[in-house]
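What's in final_25.pdb: PDB, C-alpha atoms
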```pdb
ATOM      1  CA  MET A   1      91.941  96.984 112.340
ATOM      2  CA  SER A   2      93.660  95.207 109.470
ATOM      3  CA  ASP A   3      97.063  93.659 110.270
ATOM      4  CA  GLN A   4      99.091  96.158 108.233
ATOM      5  CA  LEU A   5      98.468  99.036 105.876
ATOM      6  CA  GLN A   6     100.928  99.918 103.124
ATOM      7  CA  ILE A   7     100.930 102.899 100.790
ATOM      8  CA  LEU A   8     102.023 102.068  97.230
ATOM      9  CA  ASP A   9     103.284 105.349  95.789
ATOM     10  CA  GLY A  10     105.422 104.011  92.930
ATOM     11  CA  THR A  11     108.745 104.166  94.787
ATOM     12  CA  THR A  12     109.507 100.461  94.352
ATOM     13  CA  LEU A  13     108.724 100.638  90.633
ATOM     14  CA  ARG A  14     111.412 103.268  90.086
ATOM     15  CA  ASP A  15     114.030 100.846  91.415
ATOM     16  CA  LEU A  16     113.032  97.939  89.150
ATOM     17  CA  ASP A  17     115.820  96.276  87.172
ATOM     18  CA  LEU A  18     114.439  95.958  83.655
ATOM     19  CA  SER A  19     117.732  95.166  81.931
ATOM     20  CA  THR A  20     116.704  91.586  81.116
ATOM     21  CA  ALA A  21     112.961  92.145  80.737
ATOM     22  CA  VAL A  22     113.034  92.257  76.926
ATOM     23  CA  SER A  23     114.657  89.472  74.876
ATOM     24  CA  ASP A  24     116.854  90.004  71.838
ATOM     25  CA  ARG A  25     113.888  89.459  69.536
ATOM     26  CA  PRO A  26     111.169  91.877  68.401
ATOM     27  CA  VAL A  27     108.083  91.989  70.639
ATOM     28  CA  THR A  28     104.525  93.095  69.967
ATOM     29  CA  GLY A  29     102.727  95.826  71.848
ATOM     30  CA  ALA A  30     100.613  93.193  73.596
ATOM     31  CA  GLN A  31     103.709  91.299  74.749
ATOM     32  CA  LEU A  32     105.291  94.529  75.940
ATOM     33  CA  LEU A  33     102.253  95.418  78.026
ATOM     34  CA  HIS A  34     102.198  91.907  79.512
ATOM     35  CA  ILE A  35     105.860  92.182  80.506
ATOM     36  CA  ALA A  36     105.304  95.618  82.042
ATOM     37  CA  HIS A  37     102.240  94.582  84.035
ATOM     38  CA  SER A  38     103.919  91.390  85.216
ATOM     39  CA  ARG A  39     107.076  93.186  86.375
ATOM     40  CA  ALA A  40     105.102  95.962  88.045
ATOM     41  CA  SER A  41     102.777  93.510  89.781
ATOM     42  CA  SER A  42     105.704  91.453  91.110
ATOM     43  CA  SER A  43     107.048  94.520  92.917
ATOM     44  CA  LEU A  44     103.611  95.386  94.349
ATOM     45  CA  PHE A  45     102.901  92.259  96.403
ATOM     46  CA  ASP A  46     101.865  90.403  93.193
ATOM     47  CA  LEU A  47      98.692  92.480  93.064
ATOM     48  CA  PRO A  48      97.063  92.853  89.649
ATOM     49  CA  LEU A  49      97.219  96.470  88.520
ATOM     50  CA  PRO A  50      93.789  98.154  88.548
ATOM     51  CA  ASP A  51      92.487  98.855  85.047
ATOM     52  CA  PRO A  52      92.062 102.629  85.675
ATOM     53  CA  LEU A  53      95.715 102.804  86.757
ATOM     54  CA  LYS A  54      96.890 101.029  83.607
ATOM     55  CA  ALA A  55      94.719 103.223  81.384
ATOM     56  CA  SER A  56      95.963 106.449  82.988
ATOM     57  CA  ALA A  57      99.594 105.337  82.766
ATOM     58  CA  LEU A  58      99.187 104.345  79.126
ATOM     59  CA  ASN A  59      97.657 107.729  78.287
ATOM     60  CA  ARG A  60     100.546 109.418  80.091
ATOM     61  CA  LEU A  61     103.022 107.322  78.072
ATOM     62  CA  ARG A  62     101.382 108.143  74.756
ATOM     63  CA  SER A  63     101.297 111.862  75.452
ATOM     64  CA  SER A  64     104.888 112.090  76.679
ATOM     65  CA  SER A  65     106.728 109.680  74.377
ATOM     66  CA  SER A  66     107.569 110.102  70.702
ATOM     67  CA  ASP A  67     108.314 106.355  70.527
ATOM     68  CA  VAL A  68     104.702 105.309  71.039
ATOM     69  CA  GLU A  69     102.015 105.930  68.462
ATOM     70  CA  PRO A  70      98.630 107.057  69.877
ATOM     71  CA  SER A  71      96.965 103.714  69.154
ATOM     72  CA  PHE A  72      99.728 101.543  70.680
ATOM     73  CA  SER A  73      98.209  98.608  68.854
ATOM     74  CA  PRO A  74      98.776  95.139  70.380
ATOM     75  CA  GLU A  75      99.894  93.947  66.938
ATOM     76  CA  THR A  76     102.570  96.638  66.521
ATOM     77  CA  GLU A  77     106.050  95.096  66.546
ATOM     78  CA  TYR A  78     108.964  96.779  68.321
ATOM     79  CA  GLN A  79     112.667  96.066  67.994
ATOM     80  CA  PRO A  80     114.430  95.089  71.259
ATOM     81  CA  LEU A  81     116.136  98.438  71.896
ATOM     82  CA  GLN A  82     112.974 100.430  71.241
ATOM     83  CA  ALA A  83     110.863  97.967  73.230
ATOM     84  CA  SER A  84     113.205  98.208  76.224
ATOM     85  CA  HIS A  85     113.038 102.010  76.100
ATOM     86  CA  ILE A  86     109.228 102.035  75.939
ATOM     87  CA  LEU A  87     109.028  99.498  78.765
ATOM     88  CA  LYS A  88     111.057 101.748  81.060
ATOM     89  CA  GLN A  89     108.920 104.733  80.124
ATOM     90  CA  TYR A  90     105.685 102.834  80.777
ATOM     91  CA  ILE A  91     106.866 101.585  84.192
ATOM     92  CA  THR A  92     107.843 105.168  85.018
ATOM     93  CA  ALA A  93     104.377 106.329  83.905
ATOM     94  CA  ILE A  94     102.776 103.787  86.255
ATOM     95  CA  ALA A  95     105.039 105.009  89.074
ATOM     96  CA  ASP A  96     104.087 108.617  88.318
ATOM     97  CA  GLU A  97     100.390 107.730  88.429
ATOM     98  CA  LEU A  98     100.865 106.003  91.777
ATOM     99  CA  LYS A  99     102.726 109.027  93.111
ATOM    100  CA  GLY A 100      99.760 111.192  92.205
ATOM    101  CA  CYS A 101      97.164 108.694  93.430
ATOM    102  CA  PRO A 102      98.761 106.090  95.743
ATOM    103  CA  LEU A 103      97.113 102.736  96.388
ATOM    104  CA  VAL A 104      96.342 101.685  99.946
ATOM    105  CA  VAL A 105      96.734  97.948 100.542
ATOM    106  CA  SER A 106      95.953  95.799 103.542
ATOM    107  CA  ILE A 107      98.265  92.937 104.439
ATOM    108  CA  LEU A 108      96.708  90.203 106.558
ATOM    109  CA  ASP A 109      99.557  88.240 108.153
ATOM    110  CA  GLY A 110      97.711  86.694 111.095
ATOM    111  CA  SER A 111      98.917  89.238 113.651
ATOM    112  CA  THR A 112      95.421  90.530 114.445
ATOM    113  CA  LEU A 113      94.239  86.973 115.115
ATOM    114  CA  ARG A 114      97.279  86.286 117.305
ATOM    115  CA  LEU A 115      96.458  89.336 119.407
ATOM    116  CA  LEU A 116      92.898  88.093 119.735
ATOM    117  CA  PHE A 117      94.043  84.729 121.106
ATOM    118  CA  GLU A 118      96.385  86.360 123.618
ATOM    119  CA  ASP A 119      93.464  87.714 125.627
ATOM    120  CA  GLU A 120      91.069  84.909 126.567
ATOM    121  CA  ASP A 121      88.440  87.325 127.843
ATOM    122  CA  ASP A 122      88.412  89.294 124.564
ATOM    123  CA  PHE A 123      88.058  86.139 122.510
ATOM    124  CA  ALA A 124      85.302  84.794 124.766
ATOM    125  CA  MET A 125      83.397  88.067 124.430
ATOM    126  CA  LEU A 126      83.809  88.053 120.647
ATOM    127  CA  ALA A 127      82.563  84.459 120.393
ATOM    128  CA  GLU A 128      79.617  85.238 122.664
ATOM    129  CA  ASN A 129      78.610  88.288 120.639
ATOM    130  CA  LEU A 130      78.861  86.394 117.354
ATOM    131  CA  PHE A 131      76.835  83.488 118.753
ATOM    132  CA  THR A 132      74.113  85.840 120.009
ATOM    133  CA  GLU A 133      73.863  87.599 116.636
ATOM    134  CA  LEU A 134      73.674  84.311 114.742
ATOM    135  CA  ASP A 135      71.155  82.716 117.135
ATOM    136  CA  ILE A 136      68.255  84.609 115.549
ATOM    137  CA  GLU A 137      65.671  82.180 116.945
ATOM    138  CA  ASP A 138      67.129  82.544 120.456
ATOM    139  CA  LYS A 139      67.300  78.743 120.891
ATOM    140  CA  GLY A 140      70.703  78.677 122.526
ATOM    141  CA  LYS A 141      71.956  76.559 119.643
ATOM    142  CA  ILE A 142      73.080  77.281 116.091
ATOM    143  CA  SER A 143      74.181  75.160 113.152
ATOM    144  CA  LYS A 144      77.882  74.405 112.642
ATOM    145  CA  SER A 145      77.606  75.997 109.221
ATOM    146  CA  GLU A 146      77.016  79.372 110.902
ATOM    147  CA  ILE A 147      80.781  79.503 111.480
ATOM    148  CA  ARG A 148      80.978  80.744 107.887
ATOM    149  CA  ASN A 149      78.727  83.699 108.707
ATOM    150  CA  ALA A 150      80.758  84.382 111.838
ATOM    151  CA  LEU A 151      83.912  84.701 109.740
ATOM    152  CA  VAL A 152      82.111  86.997 107.304
ATOM    153  CA  GLN A 153      80.984  89.215 110.172
ATOM    154  CA  MET A 154      84.531  89.401 111.542
ATOM    155  CA  GLY A 155      85.862  90.482 108.142
ATOM    156  CA  VAL A 156      89.203  92.004 107.218
ATOM    157  CA  ASP A 157      89.108  94.472 110.116
ATOM    158  CA  MET A 158      89.589  91.480 112.413
ATOM    159  CA  GLY A 159      92.091  89.730 110.146
ATOM    160  CA  VAL A 160      89.751  87.426 108.206
ATOM    161  CA  PRO A 161      89.987  87.550 104.377
ATOM    162  CA  PRO A 162      86.797  87.468 102.273
ATOM    163  CA  PHE A 163      85.701  84.020 101.059
ATOM    164  CA  SER A 164      85.477  85.310  97.489
ATOM    165  CA  GLU A 165      89.201  86.115  97.408
ATOM    166  CA  TYR A 166      90.562  83.524  99.832
ATOM    167  CA  PRO A 167      89.124  80.075  98.966
ATOM    168  CA  GLN A 168      91.413  78.435 101.531
ATOM    169  CA  LEU A 169      88.783  79.369 104.106
ATOM    170  CA  ASN A 170      86.472  76.757 102.625
ATOM    171  CA  ASP A 171      89.179  74.125 103.113
ATOM    172  CA  LEU A 172      89.590  75.109 106.767
ATOM    173  CA  LEU A 173      85.846  74.831 107.366
ATOM    174  CA  SER A 174      85.770  71.385 105.775
ATOM    175  CA  LYS A 175      88.807  70.291 107.804
ATOM    176  CA  HIS A 176      86.949  71.037 111.056
ATOM    177  CA  GLY A 177      83.558  69.846 109.855
ATOM    178  CA  ALA A 178      82.285  73.385 110.133
ATOM    179  CA  ASP A 179      80.164  73.033 107.003
ATOM    180  CA  GLY A 180      77.701  70.569 108.539
ATOM    181  CA  GLU A 181      74.259  71.090 110.082
ATOM    182  CA  GLU A 182      75.001  69.727 113.551
ATOM    183  CA  GLU A 183      73.849  72.182 116.212
ATOM    184  CA  LEU A 184      76.249  73.704 118.695
ATOM    185  CA  GLY A 185      75.851  75.457 122.018
ATOM    186  CA  GLN A 186      77.765  78.645 122.781
ATOM    187  CA  ALA A 187      80.797  76.908 124.329
ATOM    188  CA  GLN A 188      81.050  74.427 121.438
ATOM    189  CA  PHE A 189      80.697  77.235 118.921
ATOM    190  CA  ALA A 190      83.492  79.217 120.612
ATOM    191  CA  GLN A 191      85.805  76.187 120.591
ATOM    192  CA  LEU A 192      85.169  75.420 116.915
ATOM    193  CA  LEU A 193      85.629  79.081 115.963
ATOM    194  CA  GLN A 194      88.948  79.118 117.804
ATOM    195  CA  PHE A 195      90.191  76.012 115.982
ATOM    196  CA  VAL A 196      89.329  77.507 112.584
ATOM    197  CA  LEU A 197      90.880  80.889 113.401
ATOM    198  CA  GLN A 198      94.054  79.312 114.762
ATOM    199  CA  ASP A 199      94.533  77.399 111.528
ATOM    200  CA  LEU A 200      93.778  80.558 109.560
ATOM    201  CA  GLU A 201      96.434  82.437 111.538
ATOM    202  CA  VAL A 202      98.987  79.764 110.621
ATOM    203  CA  GLU A 203      98.080  79.936 106.928
ATOM    204  CA  LEU A 204      98.263  83.739 106.856
ATOM    205  CA  SER A 205     101.634  83.745 108.610
ATOM    206  CA  LYS A 206     102.955  81.403 105.901
ATOM    207  CA  LYS A 207     101.561  83.448 103.027
ATOM    208  CA  ASN A 208     100.093  86.875 103.644
ATOM    209  CA  PHE A 209      96.846  87.902 102.019
ATOM    210  CA  VAL A 210      97.149  91.298 100.330
ATOM    211  CA  PHE A 211      94.322  93.321  98.814
ATOM    212  CA  ILE A 212      93.730  96.851  97.584
ATOM    213  CA  GLN A 213      91.588  99.066  99.791
ATOM    214  CA  ASN A 214      88.892 101.174  98.141
ATOM    215  CA  ILE A 215      90.642 104.294  99.384
ATOM    216  CA  GLN A 216      92.105 107.203  97.463
ATOM    217  CA  ILE A 217      94.818 109.406  98.972
ATOM    218  CA  ILE A 218      94.627 113.034  97.864
ATOM    219  CA  ASN A 219      98.110 114.416  98.556
ATOM    220  CA  GLY A 220      98.387 117.429  96.254
ATOM    221  CA  SER A 221     100.922 115.866  93.879
ATOM    222  CA  LYS A 222      98.851 116.624  90.767
ATOM    223  CA  ILE A 223      98.572 120.283  91.725
ATOM    224  CA  ARG A 224     102.329 120.451  92.292
ATOM    225  CA  GLN A 225     102.907 118.936  88.850
ATOM    226  CA  LEU A 226     100.612 121.562  87.348
ATOM    227  CA  LEU A 227     102.344 124.415  89.182
ATOM    228  CA  ALA A 228     105.726 123.146  87.984
ATOM    229  CA  ASN A 229     104.644 123.111  84.318
ATOM    230  CA  GLU A 230     104.252 126.727  83.220
ATOM    231  CA  LYS A 231     102.629 125.844  79.897
ATOM    232  CA  GLU A 232      99.998 123.579  81.460
ATOM    233  CA  LEU A 233      99.426 126.022  84.309
ATOM    234  CA  ASN A 234      98.810 128.925  81.933
ATOM    235  CA  SER A 235      96.457 126.746  79.896
ATOM    236  CA  PHE A 236      94.508 125.867  83.043
ATOM    237  CA  VAL A 237      94.340 129.500  84.134
ATOM    238  CA  GLU A 238      93.116 130.469  80.672
ATOM    239  CA  LYS A 239      90.405 127.836  80.977
ATOM    240  CA  ALA A 240      89.409 129.372  84.304
ATOM    241  CA  LEU A 241      89.394 132.876  82.854
ATOM    242  CA  GLN A 242      87.069 131.707  80.084
ATOM    243  CA  GLU A 243      84.648 130.520  82.750
ATOM    244  CA  LYS A 244      84.722 134.035  84.172
ATOM    245  CA  LEU A 245      82.693 135.162  81.165
ATOM    246  CA  ASN A 246      79.839 132.991  82.384
ATOM    247  CA  ALA A 247      80.148 134.015  86.008
ATOM    248  CA  LYS A 248      78.091 136.927  87.255
ATOM    249  CA  ASP A 249      80.541 138.019  89.936
ATOM    250  CA  GLY A 250      83.717 137.492  87.909
ATOM    251  CA  LEU A 251      86.624 135.157  88.588
ATOM    252  CA  GLY A 252      88.064 137.566  91.127
ATOM    253  CA  SER A 253      85.528 136.232  93.612
ATOM    254  CA  THR A 254      86.855 133.350  95.709
ATOM    255  CA  GLU A 255      83.388 131.784  95.549
ATOM    256  CA  ILE A 256      83.625 131.582  91.761
ATOM    257  CA  ILE A 257      87.160 130.166  91.946
ATOM    258  CA  ARG A 258      86.055 127.557  94.455
ATOM    259  CA  SER A 259      83.139 126.557  92.253
ATOM    260  CA  PHE A 260      85.471 126.227  89.262
ATOM    261  CA  LEU A 261      88.006 124.133  91.164
ATOM    262  CA  GLU A 262      85.318 121.832  92.544
ATOM    263  CA  LYS A 263      84.209 121.166  88.956
ATOM    264  CA  ASN A 264      87.746 120.097  88.077
ATOM    265  CA  THR A 265      88.626 117.901  91.047
ATOM    266  CA  LYS A 266      89.670 114.925  88.898
ATOM    267  CA  GLU A 267      92.009 116.953  86.705
ATOM    268  CA  LEU A 268      93.639 118.586  89.733
ATOM    269  CA  GLY A 269      93.596 115.594  92.066
ATOM    270  CA  LEU A 270      91.487 117.500  94.584
ATOM    271  CA  PRO A 271      89.096 116.015  97.153
ATOM    272  CA  LEU A 272      85.501 115.669  96.015
ATOM    273  CA  SER A 273      83.561 118.614  97.444
ATOM    274  CA  ALA A 274      80.974 116.195  98.810
ATOM    275  CA  GLY A 275      83.629 113.760  99.991
ATOM    276  CA  GLY A 276      82.972 114.008 103.719
ATOM    277  CA  ASP A 277      84.164 116.028 106.693
ATOM    278  CA  ALA A 278      87.859 115.945 105.765
ATOM    279  CA  ALA A 279      87.146 117.377 102.298
ATOM    280  CA  ASP A 280      84.853 120.079 103.725
ATOM    281  CA  LEU A 281      87.485 121.081 106.272
ATOM    282  CA  PHE A 282      90.148 121.213 103.550
ATOM    283  CA  TYR A 283      88.208 123.662 101.356
ATOM    284  CA  GLU A 284      87.084 125.777 104.299
ATOM    285  CA  TYR A 285      90.633 126.018 105.649
ATOM    286  CA  VAL A 286      92.250 126.946 102.315
ATOM    287  CA  PHE A 287      89.808 129.695 101.380
ATOM    288  CA  ALA A 288      89.610 131.061 104.918
ATOM    289  CA  ASP A 289      93.408 131.171 105.071
ATOM    290  CA  VAL A 290      93.635 132.983 101.718
ATOM    291  CA  ALA A 291      91.045 135.518 102.865
ATOM    292  CA  LYS A 292      92.886 136.029 106.156
ATOM    293  CA  GLU A 293      96.273 136.538 104.468
ATOM    294  CA  LYS A 294      95.054 138.982 101.833
ATOM    295  CA  GLY A 295      92.176 140.720 103.551
ATOM    296  CA  ALA A 296      88.848 141.671 101.978
ATOM    297  CA  VAL A 297      90.154 144.829 100.269
ATOM    298  CA  GLU A 298      93.176 143.158  98.694
ATOM    299  CA  LEU A 299      91.065 140.221  97.510
ATOM    300  CA  GLU A 300      88.885 142.582  95.503
ATOM    301  CA  LYS A 301      91.949 144.121  93.829
ATOM    302  CA  GLU A 302      93.829 140.841  93.264
ATOM    303  CA  GLU A 303      94.502 139.914  89.663
ATOM    304  CA  PRO A 304      92.312 136.836  88.936
ATOM    305  CA  ALA A 305      95.113 134.699  87.456
ATOM    306  CA  LYS A 306      97.443 135.419  90.389
ATOM    307  CA  LEU A 307      94.701 134.735  92.928
ATOM    308  CA  LEU A 308      93.970 131.373  91.320
ATOM    309  CA  LYS A 309      97.656 130.407  91.369
ATOM    310  CA  ASP A 310      97.966 131.475  95.016
ATOM    311  CA  ILE A 311      94.983 129.295  95.929
ATOM    312  CA  LEU A 312      96.444 126.318  94.052
ATOM    313  CA  GLU A 313      99.748 126.728  95.888
ATOM    314  CA  LYS A 314      97.912 126.890  99.205
ATOM    315  CA  MET A 315      95.978 123.727  98.317
ATOM    316  CA  ALA A 316      99.144 121.825  97.373
ATOM    317  CA  GLU A 317     100.812 122.894 100.608
ATOM    318  CA  GLN A 318      97.854 121.882 102.759
ATOM    319  CA  LEU A 319      97.370 118.486 101.072
ATOM    320  CA  GLU A 320     101.052 117.677 101.435
ATOM    321  CA  LEU A 321     100.822 118.353 105.158
ATOM    322  CA  ASN A 322      97.396 116.745 105.642
ATOM    323  CA  PRO A 323      96.405 114.330 102.846
ATOM    324  CA  VAL A 324      92.681 113.642 102.471
ATOM    325  CA  TYR A 325      91.506 110.025 102.348
ATOM    326  CA  GLN A 326      88.395 109.264 100.297
ATOM    327  CA  ASP A 327      86.632 106.250  98.866
ATOM    328  CA  PHE A 328      87.136 105.828  95.150
ATOM    329  CA  ALA A 329      84.233 107.395  93.269
TER     330      ALA A 329
END
```

Could I get this file's structure written as C-alpha cells?
Amino acid sequence: MSDQLQILDGTTLRDLDLSTAVSDRPVTGAQLLHIAHSRASSSLFDLPLPDPLKASALNRLRSSSSDVEPSFSPETEYQPLQASHILKQYITAIADELKGCPLVVSILDGSTLRLLFEDEDDFAMLAENLFTELDIEDKGKISKSEIRNALVQMGVDMGVPPFSEYPQLNDLLSKHGADGEEELGQAQFAQLLQFVLQDLEVELSKKNFVFIQNIQIINGSKIRQLLANEKELNSFVEKALQEKLNAKDGLGSTEIIRSFLEKNTKELGLPLSAGGDAADLFYEYVFADVAKEKGAVELEKEEPAKLLKDILEKMAEQLELNPVYQDFA
C-alpha cells in the first residue's frame, strides 16, 4: 500500500490566516483568484487545486455572495477591503466543497521502501518476480534499462512515484548507470534495484511526494446540507413530485423514488448506482431498512413528500456511518 493516506476535507483551509493576503492596493479578479489558489494550495501539501473543485467553489461563491458579480471577470478591480472579504468567502467555498467531496491524497515518504529492505527474503522474492516478468525471452539475463520497467511495475502501491510526476527517478537511474544496455543476471539485477530504491527512499524521506488519488468519498454531507435548507429541500421535493406525473406507479412507490434519486446522484452527492458493490449495498440497505421500519401497508399510505424526506435522512445517516469510496467519474 501507499506510505500514507490523508483525507483533505477543508478543515485546514478554515484555519488559514488571510489577514495579510491582500495588499493595500486594488487587485483584479485574476489576481484575487491567484492569491486564493496559492494560499489554499500551500495548506494542502502544495498540491494544485483540481479544476472541477475550483469551478464548483467559484459557482458556490457567486451564488452565495452579493459582493461578486456572476461573471467575476479577471479584469474587474476590487478595493482592498472588498477583495479581502471576497478572498475569505472563496476560501470558505473551497473548504465547503472539500467537506462535501473530500480529496484523498497519497504521501510517499519512503516508509514502504524501508519496510521492504527490512526483510531480506521479501526483497529477494520481489526482485526475483520482477526479473522473471521482465525476462520475456527466458534468457536468464535482461538489460540494465529494464530497471525502469521494474520501477513502473512496482508503482505507488509499493512506494515508487510515477516517472511522469517525479523526474528525479531519471537522475537516480543515470547515477547508477541503470539506463544502459548492459545485460544483468538475476543477482546483479537485484543488487542494482536495491541501490536505486535505497537512494529513492532517501530522497522521499527528505521531501515527500504527494499526489491526489482518483477516489471520491461519498459521505452524505450534500444531503445533510439539503435537509438543513428548507427552501432548497422543498424545491427538490417539488422537482420529485413533478416527476411523479411521468411515473406510472406514482412517487409513493419506493422504486420510483429510488429511480429518481439515482438520476440525481451528482446533485445529492450520492454514490453512482453502477458504482460497484459498496454502492449497491448502500442502496439495498437504505430501501430495505425503510421498508422494514414502515411496513408494506404504511408505505402505501405514506405521503410522497414525507417518504422522500425520510429516505434522504436515512441515506445521510448511513453515509455518515459508512462512507462509500468510488473512482471519479

Gln216 in chain A surroundings by all atoms listed in the file, 9 Å radius, close-in-sequence under 6 positions cut, as an NGL selection string
:A and (101-104 or 324-329)

Write out, as an mmCIF file, in the coordinates of the input, the residues just selected, with C-alpha atoms.
```cif
data_model
loop_
_atom_site.group_PDB
_atom_site.id
_atom_site.type_symbol
_atom_site.label_atom_id
_atom_site.label_comp_id
_atom_site.auth_asym_id
_atom_site.auth_seq_id
_atom_site.Cartn_x
_atom_site.Cartn_y
_atom_site.Cartn_z
ATOM 1 C CA CYS A 101 97.164 108.694 93.430
ATOM 2 C CA PRO A 102 98.761 106.090 95.743
ATOM 3 C CA LEU A 103 97.113 102.736 96.388
ATOM 4 C CA VAL A 104 96.342 101.685 99.946
ATOM 5 C CA VAL A 324 92.681 113.642 102.471
ATOM 6 C CA TYR A 325 91.506 110.025 102.348
ATOM 7 C CA GLN A 326 88.395 109.264 100.297
ATOM 8 C CA ASP A 327 86.632 106.250 98.866
ATOM 9 C CA PHE A 328 87.136 105.828 95.150
ATOM 10 C CA ALA A 329 84.233 107.395 93.269
#
```

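Close contacts of range 30-34 of chain A, defined as residues with an atom at most 7 Å away when counting all atoms listed in the file, with chain neighbours fewer than 2 positions off set aside, comprise Val27, Thr28, Ala36, His37, Ser38, Pro74, Glu75 and Leu87 of chain A.
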
Selected by the PyMOL selection byres ((chain A and resi 273-278) around 10) in the shown coordinates: which residues, as JSON, numbers by chain?
{"A": [258, 259, 261, 262, 263, 265, 270, 271, 272, 279, 280, 281, 282, 283, 284, 322, 323, 324, 325, 326, 327, 328, 329]}

Report, in Å with one decimal, the straight-line distance from CA of Tyr78 in chain A to CA of Arg62 in chain A.
15.1 Å

I want to know what sits within 7 Å of Phe209 in chain A, based on only C-alpha atoms, with residues of the same chain fewer than 6 positions away left out; could you give that as a count of residues only?
3

Exercise: range 132-146 of chain A partners within 8 Å, all atoms listed in the file, chain neighbours under 6 positions left out, as a ChimeraX atom specification:
/A:177-186,189

Would you write out, as a PyMOL selection string, every residue that the PyMOL selection byres ((chain A and resi 190-194) around 9) captures in this file?
chain A and resi 117+123-124+126-128+131+144+147+150-151+176+178+185-189+195-199

Report, as lines of an AutoDock Vina configuration file, the axis-aligned box around all atoms of range 15-21 of chain A present in the file, extended by 8 Å on each side; give centre and edge lengths in Å to one decimal place.
```
center_x = 115.3
center_y = 96.2
center_z = 86.1
size_x = 20.8
size_y = 25.3
size_z = 26.7
```

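Proximity to Ile257 in chain A was assessed for A:Pro161, A:Pro304, A:Pro167, A:Pro50 counting only C-alpha atoms; the smallest distance is recorded for A:Pro304.
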